[in-house]
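Undergrad: One structure is given below, represented as structure tokens, and several questions about it will come after.
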Amino acid sequence: MSNTGLLFNANFNSGSDITSMGFKYSGNPSSIVNIAGQRAVELKLDHYGSNTHKHRTEIQPNKLPSPDFSSGMFAKMGGEFWYGVRTYMPESWNELDRSVSIITQWHARPDAGNPPVALQTRLVNGKEHFNLIIRSDPTSDGTKGFKNIDQFDLGPIYNDIGKWTDWVWRIKWSPNGDGFLQLYKDGKLVVDFKGGTCYVDTAGPYLKVGLYKFSWSSSTDTGADSRTIYVDDVRVADSTGSYATVVSPNAASAPQAPQVPGFITGTAGDDKLSGTAGPDTIDGGAGDDFLDLTNEKSGWNIDLATGRADGGGTNVDRLISIENVIGSNFADVLMGDAGGNKLRGLQGDDVIDGRAGDDTLAGGAGSDTIYGGQGHDLIYGGLDNDVLYGGAGNDTLYGDEGNDTIFAGLGEDVIVTGSGADRIMVEGLGMGTDRVLDFAPGEDVIDLTILH
């Protein structure tokens, strides 16, 4: 357990009045009870009961210190904070409810009803799931709607009923692209988001934990008639804090920080960027940027179209504005996007696909398979026995060393076989006039066996 950067800590182990513990009520008041081996805040809603507020019962810290927070609760805009909350959902949550239940949210002022960040339960294919919503707008305060919304389905709630669940948040509050949000559930990173996390508000986001069910403000039957949630170990830290600072000391596993994702940002020029040993967000920014895997210890699967770099296990990176890739010394899969990419394999038997755009593709050492796709591509087989596919477009294909197999494809292509006994496959007539610049009779072969 660490206290580095800790700004606020409430464990409800003594006392009964949460207002004396640095909280205020929102909606129905709560009580402190013993539940599942802990003292915690009990928050209950009864849809058809006599409560004044049938749709809201929340607590919110209001004694957070300045200058990080104003008025005891509003986070500093542009600030980075850690939040920890422990929740317990009793067995009654097994009764299906069709309406949304917000269990943790941040509001700001004057955002007019749409919280920029909300963790909720919602119905998905007949089952209730945890769902995270992130709203932002870089140009307005949210009173007239918002520009951006991102949602993350965190799966069904049922494995978390009847047990304590530990939530840890790391958030930079910004309406712009430099914001981020990371959410851990029971020590596992379940959301790694980079982008706007709020609106252009006059007062930054403030935390509320409990139950908010807007649908229950009317008498419409949504399924369950009541909901109860228990909250414990509310902790807040500044940017010098960590996972270990805010995770509950009662967490089932030792409160050690899992691998915290890094944020790696390029310059306005052409960059060569590499990730860490854990999950990262790598943003090349402006310029013609490379993801460099040269020093990796295993092969990677890269897809520039989806912005995903998968090194296996939890080592999965998010790619933003990365146009090019230098592979590892192992077997990689390197996939381009619709632009002109430079994809270069090193050692290992790589699979490289340029997709659309005018690409430059190089296999390096190893027996590689390279697809040009659409566009006018430059394709280099490199060492060993490679298979090259030009695809559509006017391509130039270099077999280089080794015994290569070359499919020129559509277009007016140029083939340079290089050394080795190469096989040029003729796939059909009328597919374009190809030129072979260094055909070696007796060594290279023009193969008509698949002609159609």
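Starting from 1 in every chain, residues are counted up; chains themselves are A, B, ... following the order of the structure tokens, and ligands are numbered from 1 as listed.
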With a distance cut-off of 9 Å and only C-alpha atoms, select the neighbouring residues of Met73 (chain A), excluding the residue or stretch itself and same-chain residues fewer than 6 positions from it, and output the selection as a ChimeraX atom specification.

TA: /A:60-65,204-207

Undergrad: Residues as selected, N, CA and C atoms, written as a PDB file, in the first residue's frame, can you do that?

TA:
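part.pdb written:
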```
ATOM      1  N   GLN A  60     -20.853  12.168  -2.676  1.00  0.00           N
ATOM      2  CA  GLN A  60     -19.768  12.805  -3.432  1.00  0.00           C
ATOM      3  C   GLN A  60     -18.800  13.479  -2.463  1.00  0.00           C
ATOM      4  N   PRO A  61     -17.495  13.230  -2.648  1.00  0.00           N
ATOM      5  CA  PRO A  61     -16.506  13.897  -1.798  1.00  0.00           C
ATOM      6  C   PRO A  61     -16.586  15.414  -1.986  1.00  0.00           C
ATOM      7  N   ASN A  62     -16.567  16.152  -0.882  1.00  0.00           N
ATOM      8  CA  ASN A  62     -16.589  17.616  -0.987  1.00  0.00           C
ATOM      9  C   ASN A  62     -15.564  18.272  -0.068  1.00  0.00           C
ATOM     10  N   LYS A  63     -14.541  17.478   0.317  1.00  0.00           N
ATOM     11  CA  LYS A  63     -13.467  18.017   1.148  1.00  0.00           C
ATOM     12  C   LYS A  63     -12.105  17.742   0.512  1.00  0.00           C
ATOM     13  N   LEU A  64     -12.075  17.726  -0.819  1.00  0.00           N
ATOM     14  CA  LEU A  64     -10.808  17.512  -1.518  1.00  0.00           C
ATOM     15  C   LEU A  64      -9.982  18.796  -1.491  1.00  0.00           C
ATOM     16  N   PRO A  65      -8.666  18.685  -1.355  1.00  0.00           N
ATOM     17  CA  PRO A  65      -7.846  19.877  -1.092  1.00  0.00           C
ATOM     18  C   PRO A  65      -7.554  20.707  -2.347  1.00  0.00           C
ATOM     19  N   GLY A 204     -14.237  22.011 -13.073  1.00  0.00           N
ATOM     20  CA  GLY A 204     -13.912  20.668 -13.544  1.00  0.00           C
ATOM     21  C   GLY A 204     -14.754  19.583 -12.917  1.00  0.00           C
ATOM     22  N   PRO A 205     -14.616  18.351 -13.408  1.00  0.00           N
ATOM     23  CA  PRO A 205     -15.487  17.245 -12.984  1.00  0.00           C
ATOM     24  C   PRO A 205     -15.368  16.903 -11.491  1.00  0.00           C
ATOM     25  N   TYR A 206     -16.505  16.508 -10.920  1.00  0.00           N
ATOM     26  CA  TYR A 206     -16.549  16.065  -9.529  1.00  0.00           C
ATOM     27  C   TYR A 206     -17.161  14.665  -9.474  1.00  0.00           C
ATOM     28  N   LEU A 207     -16.689  13.868  -8.528  1.00  0.00           N
ATOM     29  CA  LEU A 207     -17.022  12.451  -8.422  1.00  0.00           C
ATOM     30  C   LEU A 207     -18.318  12.234  -7.642  1.00  0.00           C
TER      31      LEU A 207
END
```

Undergrad: Could you find all residues in region 172-373 of chain A that DSSP calls alpha helix (DSSP H) from the backbone, and write them as a ChimeraX atom specification?

TA: /A:243-246

Undergrad: So which residues touch region 131-136 of chain A within 6 Å, counting only C-alpha atoms, skipping near sequence neighbours fewer than 2 positions away, as a PyMOL selection string?

TA: chain A and resi 116-121+148-154+175+196-199

Undergrad: Using N, CA, C and O atoms, can you export the residues from the last selection as an mmCIF file, in the first residue's frame?

TA:
```cif
data_model
loop_
_atom_site.group_PDB
_atom_site.id
_atom_site.type_symbol
_atom_site.label_atom_id
_atom_site.label_comp_id
_atom_site.auth_asym_id
_atom_site.auth_seq_id
_atom_site.Cartn_x
_atom_site.Cartn_y
_atom_site.Cartn_z
ATOM 1 N N PRO A 116 -19.665 13.719 -18.299
ATOM 2 C CA PRO A 116 -18.609 13.375 -19.258
ATOM 3 C C PRO A 116 -18.093 11.952 -19.096
ATOM 4 O O PRO A 116 -17.703 11.325 -20.075
ATOM 5 N N VAL A 117 -18.099 11.433 -17.871
ATOM 6 C CA VAL A 117 -17.672 10.048 -17.633
ATOM 7 C C VAL A 117 -18.702 9.381 -16.727
ATOM 8 O O VAL A 117 -19.064 9.931 -15.684
ATOM 9 N N ALA A 118 -19.165 8.195 -17.141
ATOM 10 C CA ALA A 118 -20.149 7.468 -16.336
ATOM 11 C C ALA A 118 -19.939 5.972 -16.503
ATOM 12 O O ALA A 118 -19.861 5.463 -17.627
ATOM 13 N N LEU A 119 -19.848 5.259 -15.372
ATOM 14 C CA LEU A 119 -19.852 3.797 -15.357
ATOM 15 C C LEU A 119 -21.255 3.360 -14.975
ATOM 16 O O LEU A 119 -21.770 3.751 -13.927
ATOM 17 N N GLN A 120 -21.874 2.554 -15.822
ATOM 18 C CA GLN A 120 -23.265 2.199 -15.623
ATOM 19 C C GLN A 120 -23.493 0.727 -15.929
ATOM 20 O O GLN A 120 -22.621 0.040 -16.456
ATOM 21 N N THR A 121 -24.675 0.254 -15.564
ATOM 22 C CA THR A 121 -25.126 -1.045 -16.038
ATOM 23 C C THR A 121 -26.245 -0.786 -17.041
ATOM 24 O O THR A 121 -27.076 0.110 -16.847
ATOM 25 N N ASN A 148 -18.360 14.478 -29.032
ATOM 26 C CA ASN A 148 -17.773 13.131 -29.057
ATOM 27 C C ASN A 148 -18.374 12.251 -27.973
ATOM 28 O O ASN A 148 -18.621 12.706 -26.856
ATOM 29 N N ILE A 149 -18.575 10.976 -28.296
ATOM 30 C CA ILE A 149 -18.997 9.995 -27.303
ATOM 31 C C ILE A 149 -18.329 8.665 -27.625
ATOM 32 O O ILE A 149 -18.316 8.230 -28.785
ATOM 33 N N ASP A 150 -17.734 8.050 -26.626
ATOM 34 C CA ASP A 150 -17.114 6.725 -26.752
ATOM 35 C C ASP A 150 -17.719 5.832 -25.686
ATOM 36 O O ASP A 150 -17.898 6.249 -24.538
ATOM 37 N N GLN A 151 -18.025 4.585 -26.075
ATOM 38 C CA GLN A 151 -18.607 3.636 -25.136
ATOM 39 C C GLN A 151 -17.805 2.341 -25.132
ATOM 40 O O GLN A 151 -17.308 1.912 -26.175
ATOM 41 N N PHE A 152 -17.704 1.730 -23.953
ATOM 42 C CA PHE A 152 -16.937 0.502 -23.783
ATOM 43 C C PHE A 152 -17.804 -0.505 -23.021
ATOM 44 O O PHE A 152 -18.220 -0.239 -21.887
ATOM 45 N N ASP A 153 -18.072 -1.640 -23.654
ATOM 46 C CA ASP A 153 -18.817 -2.721 -23.009
ATOM 47 C C ASP A 153 -17.836 -3.563 -22.199
ATOM 48 O O ASP A 153 -16.931 -4.180 -22.755
ATOM 49 N N LEU A 154 -18.040 -3.615 -20.883
ATOM 50 C CA LEU A 154 -17.122 -4.319 -19.989
ATOM 51 C C LEU A 154 -17.630 -5.699 -19.594
ATOM 52 O O LEU A 154 -17.063 -6.341 -18.717
ATOM 53 N N PRO A 175 -10.719 18.487 -22.472
ATOM 54 C CA PRO A 175 -11.686 18.325 -23.570
ATOM 55 C C PRO A 175 -11.018 18.016 -24.897
ATOM 56 O O PRO A 175 -11.708 17.753 -25.881
ATOM 57 N N GLY A 196 -10.534 13.301 -25.571
ATOM 58 C CA GLY A 196 -11.247 14.188 -24.673
ATOM 59 C C GLY A 196 -11.991 13.432 -23.590
ATOM 60 O O GLY A 196 -12.601 12.389 -23.849
ATOM 61 N N THR A 197 -11.960 13.970 -22.366
ATOM 62 C CA THR A 197 -12.621 13.327 -21.223
ATOM 63 C C THR A 197 -13.630 14.242 -20.543
ATOM 64 O O THR A 197 -14.193 13.863 -19.513
ATOM 65 N N CYS A 198 -13.858 15.430 -21.093
ATOM 66 C CA CYS A 198 -14.795 16.362 -20.465
ATOM 67 C C CYS A 198 -15.157 17.451 -21.468
ATOM 68 O O CYS A 198 -14.795 17.384 -22.647
ATOM 69 N N TYR A 199 -15.873 18.455 -21.008
ATOM 70 C CA TYR A 199 -16.241 19.600 -21.821
ATOM 71 C C TYR A 199 -15.369 20.801 -21.437
ATOM 72 O O TYR A 199 -14.542 20.719 -20.528
#
```

Undergrad: Could you go through region 83-120 of chain A and tell me which residues DSSP, when run on the backbone, assigns to strand (DSSP E or B), listing them as a list in words?

TA: Tyr83, Gly84, Val85, Arg86, Thr87, Tyr88, Met89, Asp97, Ser101, Ile102, Ile103, Thr104, Gln105, Trp106, His107, Ala108, Arg109, Val117, Ala118, Leu119 and Gln120 of chain A

Undergrad: Need to verify the contact set: Thr104 (chain A), 12 Å, only C-alpha atoms, exclusion of same-chain residues closer than 2 positions in sequence. Can you return it as a PyMOL selection string?

TA: chain A and resi 56-60+83-87+101-102+106-107+115-121+130-133+167-169+206-213+229-231+234

Undergrad: What is the distance between CA of Ile450 (chain A) and CA of Gly409 (chain A), in Å to one decimal?

TA: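 That distance, rounded to one decimal, is 12.5 Å.
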
Undergrad: Would you pick out the contacts of Asp413 (chain A) at 7 Å or less, using only C-alpha atoms, so that residues sharing its chain but fewer than 2 positions from it are not included, and give the list as a list in words?

TA: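 Residues near the query, excluding close chain neighbours: Asn394, Asp395, Thr396, Ala408, Gly411, Ile415, Thr433, Asp434 and Arg435 of chain A.
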
Undergrad: Could you name the residues that touch Asp201 (chain A) at 8 Å or less, counting only C-alpha atoms, but leaving out those on the same chain fewer than 6 positions away, as a PyMOL selection string?

TA: chain A and resi 108-111+140-142

Undergrad: Taking only C-alpha atoms into account, which of A:Ala365, A:Leu319, A:Leu388, A:Ala244 comes nearest Phe263 (chain A)?

TA: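 Of A:Ala365, A:Leu319, A:Leu388, A:Ala244, the one nearest Phe263 (chain A), counting only C-alpha atoms, is A:Leu319.
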
Undergrad: I'd like the contact shell of region 267-283 of chain A - 6 Å cut-off, only C-alpha atoms, skipping same-chain residues fewer than 6 positions apart - returned as an NGL selection string.

TA: :A and (259 or 261 or 289-292 or 315-321)
